[in-house]
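One file, target34.txt, is given below (compact mmCIF, C-alpha atoms).
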```
# COMPACT_ATOMS: atom_id res chain seq x y z
CA MET A 1 -19.60 14.04 -15.59
CA ASN A 2 -18.45 13.08 -12.10
CA GLU A 3 -14.83 13.67 -11.26
CA SER A 4 -13.15 10.67 -9.72
CA ASN A 5 -11.70 10.79 -6.25
CA LYS A 6 -7.93 10.81 -5.91
CA VAL A 7 -7.09 8.57 -2.99
CA ALA A 8 -3.96 7.12 -1.41
CA VAL A 9 -4.49 4.15 0.88
CA VAL A 10 -1.47 3.92 3.17
CA ILE A 11 -0.98 0.65 5.03
CA TYR A 12 1.07 0.97 8.22
CA GLU A 13 -0.18 -2.15 10.00
CA PRO A 14 2.08 -5.23 9.98
CA LEU A 15 1.06 -8.84 9.56
CA PRO A 16 0.72 -10.50 11.95
CA GLY A 17 -0.95 -7.61 13.62
CA ASN A 18 -4.40 -6.23 13.15
CA THR A 19 -5.40 -8.44 10.23
CA SER A 20 -8.85 -6.89 9.97
CA LYS A 21 -7.32 -3.41 9.66
CA VAL A 22 -5.09 -4.54 6.80
CA TYR A 23 -8.02 -6.35 5.15
CA ARG A 24 -10.23 -3.25 5.42
CA GLY A 25 -7.51 -1.07 3.93
CA LEU A 26 -7.07 -3.34 0.94
CA LYS A 27 -10.83 -3.79 0.46
CA THR A 28 -11.30 -0.01 0.69
CA ALA A 29 -8.72 0.43 -2.08
CA LEU A 30 -10.63 -2.12 -4.19
CA GLU A 31 -13.94 -0.35 -3.50
CA PHE A 32 -12.57 2.97 -4.73
CA THR A 33 -10.93 1.27 -7.72
CA ALA A 34 -14.18 -0.49 -8.67
CA ALA A 35 -15.95 2.90 -8.59
CA GLY A 36 -13.44 4.23 -11.13
CA ASP A 37 -11.52 6.39 -8.70
CA ASP A 38 -7.81 7.16 -9.01
CA VAL A 39 -6.28 5.00 -6.26
CA VAL A 40 -2.73 4.28 -5.17
CA VAL A 41 -1.70 2.01 -2.32
CA VAL A 42 1.48 2.66 -0.34
CA PHE A 43 3.01 0.38 2.29
CA ASP A 44 4.96 2.37 4.87
CA GLY A 45 6.46 1.74 8.30
CA SER A 46 5.62 -1.74 9.53
CA GLY A 47 3.21 -2.04 6.62
CA VAL A 48 6.11 -3.12 4.43
CA GLU A 49 5.95 -6.43 6.33
CA THR A 50 2.33 -6.72 5.21
CA LEU A 51 3.23 -6.34 1.55
CA ALA A 52 5.92 -9.00 1.91
CA ALA A 53 3.47 -11.35 3.65
CA ILE A 54 0.63 -10.92 1.14
CA SER A 55 3.04 -11.38 -1.77
CA ASP A 56 3.22 -15.05 -0.79
CA PRO A 57 0.69 -17.03 -2.85
CA ALA A 58 -0.12 -19.03 0.32
CA SER A 59 -1.37 -15.88 2.08
CA PRO A 60 -5.17 -15.61 2.35
CA MET A 61 -4.77 -11.95 1.31
CA HIS A 62 -2.68 -12.73 -1.77
CA PRO A 63 -5.72 -12.36 -4.09
CA LEU A 64 -6.13 -8.80 -2.80
CA ALA A 65 -2.48 -8.02 -3.57
CA THR A 66 -2.95 -9.47 -7.04
CA ALA A 67 -6.14 -7.49 -7.63
CA LEU A 68 -4.42 -4.26 -6.56
CA ARG A 69 -1.07 -4.83 -8.30
CA ASP A 70 -1.61 -1.99 -10.79
CA ASN A 71 -2.56 0.37 -7.95
CA VAL A 72 0.34 -0.38 -5.62
CA HIS A 73 2.56 2.69 -5.80
CA GLY A 74 5.16 0.84 -3.73
CA ALA A 75 6.74 0.32 -0.34
CA CYS A 76 9.04 2.60 1.62
CA SER A 77 12.60 1.62 0.73
CA PHE A 78 14.06 2.64 4.09
CA CYS A 79 11.36 0.73 5.98
CA ALA A 80 11.79 -2.33 3.76
CA SER A 81 15.48 -2.39 4.63
CA SER A 82 14.98 -1.79 8.34
CA HIS A 83 12.24 -4.44 8.56
CA LYS A 84 14.42 -6.86 6.56
CA VAL A 85 11.89 -7.49 3.78
CA LYS A 86 13.55 -5.54 0.96
CA ASP A 87 14.77 -8.66 -0.87
CA GLN A 88 11.29 -10.22 -0.68
CA LEU A 89 9.64 -7.09 -2.06
CA VAL A 90 12.13 -6.74 -4.89
CA ALA A 91 11.76 -10.45 -5.76
CA ALA A 92 7.96 -10.01 -5.87
CA GLY A 93 8.36 -7.05 -8.25
CA TRP A 94 7.06 -4.29 -5.99
CA PRO A 95 8.49 -0.76 -6.43
CA LEU A 96 10.52 0.70 -3.57
CA LEU A 97 9.82 4.34 -2.79
CA ALA A 98 12.67 6.63 -1.82
CA GLU A 99 11.47 10.14 -2.73
CA THR A 100 12.39 11.76 0.59
CA ASN A 101 15.90 10.89 1.75
CA GLY A 102 15.35 7.22 0.96
CA GLU A 103 11.82 7.08 2.36
CA ALA A 104 8.33 7.16 0.86
CA SER A 105 6.83 10.64 0.65
CA ILE A 106 3.33 11.14 1.95
CA ARG A 107 3.62 14.85 1.15
CA ASN A 108 3.99 14.06 -2.56
CA LEU A 109 0.69 12.20 -2.42
CA VAL A 110 -1.01 15.21 -0.80
CA ALA A 111 0.63 17.59 -3.29
CA ALA A 112 -0.83 15.45 -6.08
CA GLY A 113 -4.30 16.12 -4.63
CA ARG A 114 -4.83 12.72 -3.03
CA GLN A 115 -6.91 12.16 0.07
CA ILE A 116 -4.89 10.02 2.46
CA LEU A 117 -6.60 7.04 4.11
CA THR A 118 -4.47 5.19 6.66
CA PHE A 119 -4.82 1.63 7.84
```
Encoded form using C-alpha cells:
Amino acid sequence: MNESNKVAVVIYEPLPGNTSKVYRGLKTALEFTAAGDDVVVVFDGSGVETLAAISDPASPMHPLATALRDNVHGACSFCASSHKVKDQLVAAGWPLLAETNGEASIRNLVAAGRQILTF
C-alpha cells in the first residue's frame, strides 16, 4: 500500500497580487487532495488577504476555497489583524492560527512530517 504524502500548502501571496501564483497554490492543494494525500492549507503573511478575498462568493476563486474548506488549517491570527481582515475571516468561519506567540507556526507543520510548499 502506498503511503500518502503529508503536505502543507502555505499561501503568502495577496490578492490582488500574483493571481496565477495563488491559483497554482490552490490547484496544487486540490491535486494532492484528489490523489488521497494528507493536505493542509495555511494562509500566512499577506496571504491572509487572499483568504478574505476568495471567501467572497463573487470571487472567481471562491469555488477553490469551497472545495478546500476541509483542508484549510487556517490563517495567521496576527497577520489577519495587521492586514485588517480578521473580522472577514471570522465571519467566513475560517480558523485563526496563533500557535507561536499569536502567529501561525510553520515549524509545527514540519514537526508533523509535512512537506511545505509555498505560493
### Message
From the options A:Lys27, A:Gln88, A:Ala80, A:Val40, which residue's atoms come nearest to Asp56 in chain A, counting only C-alpha atoms?
### Response
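Distance minimum relative to Asp56 in chain A lands on A:Gln88.
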### Query
Which residues come within 12 Å of Leu109 in chain A, counting only C-alpha atoms, excluding same-chain residues fewer than 5 positions away, as number ranges by chain?
A: 6-10, 38-42, 73, 99, 104, 114-117
### Message
Under the rule that all atoms listed in the file are counted, which of A:Ile54, A:Lys21, A:Val48, A:Ala112 is the nearest residue to Pro95 in chain A?
### Response
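For Pro95 in chain A, the nearest of the candidates is A:Val48.
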### Query
Rounded to one decimal in Å, what is the spacing between CA of Gly36 in chain A and CA of Val72 in chain A?
15.5 Å
### Message
If we count all atoms listed in the file and set the cut-off at 10 Å, which residues sit around His83 in chain A, ignoring sequence neighbours fewer than 3 positions away in its own chain? Please answer as a PyMOL selection string.
### Response
chain A and resi 45-49+77-80+86
### Task
Using CA of Leu64 in chain A and CA of Ser4 in chain A as the two end points, give the distance in Å to one decimal.
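Computed distance, CA of Leu64 in chain A to CA of Ser4 in chain A, equals 21.8 Å.
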Please rebuild range 26-37 of chain A with all heavy atoms and give the result as a CSV table (one decimal), in the frame of the given file.
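Saved to selection_28.csv:
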```
chain,number,residue,atom,x,y,z
A,26,LEU,N,-7.2,-2.8,2.3
A,26,LEU,CA,-7.1,-3.3,0.9
A,26,LEU,C,-8.4,-3.4,0.3
A,26,LEU,O,-8.6,-3.0,-0.9
A,26,LEU,CB,-6.4,-4.7,1.0
A,26,LEU,CG,-5.0,-4.8,1.5
A,26,LEU,CD1,-4.5,-6.2,1.7
A,26,LEU,CD2,-4.1,-4.0,0.6
A,27,LYS,N,-9.5,-3.8,1.0
A,27,LYS,CA,-10.8,-3.8,0.5
A,27,LYS,C,-11.3,-2.4,0.2
A,27,LYS,O,-12.0,-2.2,-0.8
A,27,LYS,CB,-11.8,-4.5,1.4
A,27,LYS,CG,-11.6,-6.0,1.5
A,27,LYS,CD,-11.9,-6.7,0.2
A,27,LYS,CE,-13.4,-6.8,0.0
A,27,LYS,NZ,-13.8,-7.7,-1.1
A,28,THR,N,-10.9,-1.4,1.0
A,28,THR,CA,-11.3,0.0,0.7
A,28,THR,C,-10.7,0.4,-0.6
A,28,THR,O,-11.3,1.1,-1.5
A,28,THR,CB,-10.9,0.9,1.9
A,28,THR,OG1,-11.6,0.5,3.0
A,28,THR,CG2,-11.1,2.4,1.6
A,29,ALA,N,-9.4,0.1,-0.8
A,29,ALA,CA,-8.7,0.4,-2.1
A,29,ALA,C,-9.5,-0.2,-3.3
A,29,ALA,O,-9.7,0.4,-4.3
A,29,ALA,CB,-7.3,0.0,-2.0
A,30,LEU,N,-9.9,-1.4,-3.1
A,30,LEU,CA,-10.6,-2.1,-4.2
A,30,LEU,C,-12.0,-1.5,-4.4
A,30,LEU,O,-12.4,-1.3,-5.6
A,30,LEU,CB,-10.8,-3.6,-3.9
A,30,LEU,CG,-9.6,-4.5,-4.1
A,30,LEU,CD1,-9.9,-5.9,-3.6
A,30,LEU,CD2,-9.3,-4.5,-5.6
A,31,GLU,N,-12.6,-1.0,-3.4
A,31,GLU,CA,-13.9,-0.4,-3.5
A,31,GLU,C,-13.8,0.9,-4.3
A,31,GLU,O,-14.6,1.2,-5.2
A,31,GLU,CB,-14.5,0.0,-2.1
A,31,GLU,CG,-15.8,0.7,-2.2
A,31,GLU,CD,-16.4,1.1,-0.8
A,31,GLU,OE1,-15.7,0.9,0.2
A,31,GLU,OE2,-17.5,1.7,-0.8
A,32,PHE,N,-12.8,1.7,-4.0
A,32,PHE,CA,-12.6,3.0,-4.7
A,32,PHE,C,-12.2,2.7,-6.2
A,32,PHE,O,-12.6,3.3,-7.1
A,32,PHE,CB,-11.5,3.8,-4.1
A,32,PHE,CG,-12.0,4.7,-2.9
A,32,PHE,CD1,-12.0,4.2,-1.6
A,32,PHE,CD2,-12.4,6.0,-3.2
A,32,PHE,CE1,-12.5,5.0,-0.6
A,32,PHE,CE2,-12.9,6.8,-2.2
A,32,PHE,CZ,-12.9,6.3,-0.9
A,33,THR,N,-11.4,1.7,-6.4
A,33,THR,CA,-10.9,1.3,-7.7
A,33,THR,C,-12.1,0.8,-8.6
A,33,THR,O,-12.3,1.2,-9.7
A,33,THR,CB,-9.9,0.1,-7.6
A,33,THR,OG1,-8.8,0.6,-6.9
A,33,THR,CG2,-9.4,-0.3,-9.0
A,34,ALA,N,-13.0,0.0,-8.0
A,34,ALA,CA,-14.2,-0.5,-8.7
A,34,ALA,C,-15.1,0.7,-9.1
A,34,ALA,O,-15.8,0.6,-10.1
A,34,ALA,CB,-14.9,-1.5,-7.8
A,35,ALA,N,-15.1,1.7,-8.3
A,35,ALA,CA,-16.0,2.9,-8.6
A,35,ALA,C,-15.3,3.8,-9.6
A,35,ALA,O,-15.9,4.8,-10.0
A,35,ALA,CB,-16.2,3.7,-7.3
A,36,GLY,N,-14.1,3.4,-10.1
A,36,GLY,CA,-13.4,4.2,-11.1
A,36,GLY,C,-12.6,5.4,-10.6
A,36,GLY,O,-12.2,6.2,-11.4
A,37,ASP,N,-12.3,5.3,-9.3
A,37,ASP,CA,-11.5,6.4,-8.7
A,37,ASP,C,-10.0,6.1,-9.0
A,37,ASP,O,-9.6,5.0,-9.3
A,37,ASP,CB,-11.8,6.5,-7.2
A,37,ASP,CG,-13.2,7.0,-6.9
A,37,ASP,OD1,-13.7,7.9,-7.6
A,37,ASP,OD2,-13.8,6.4,-6.0
```
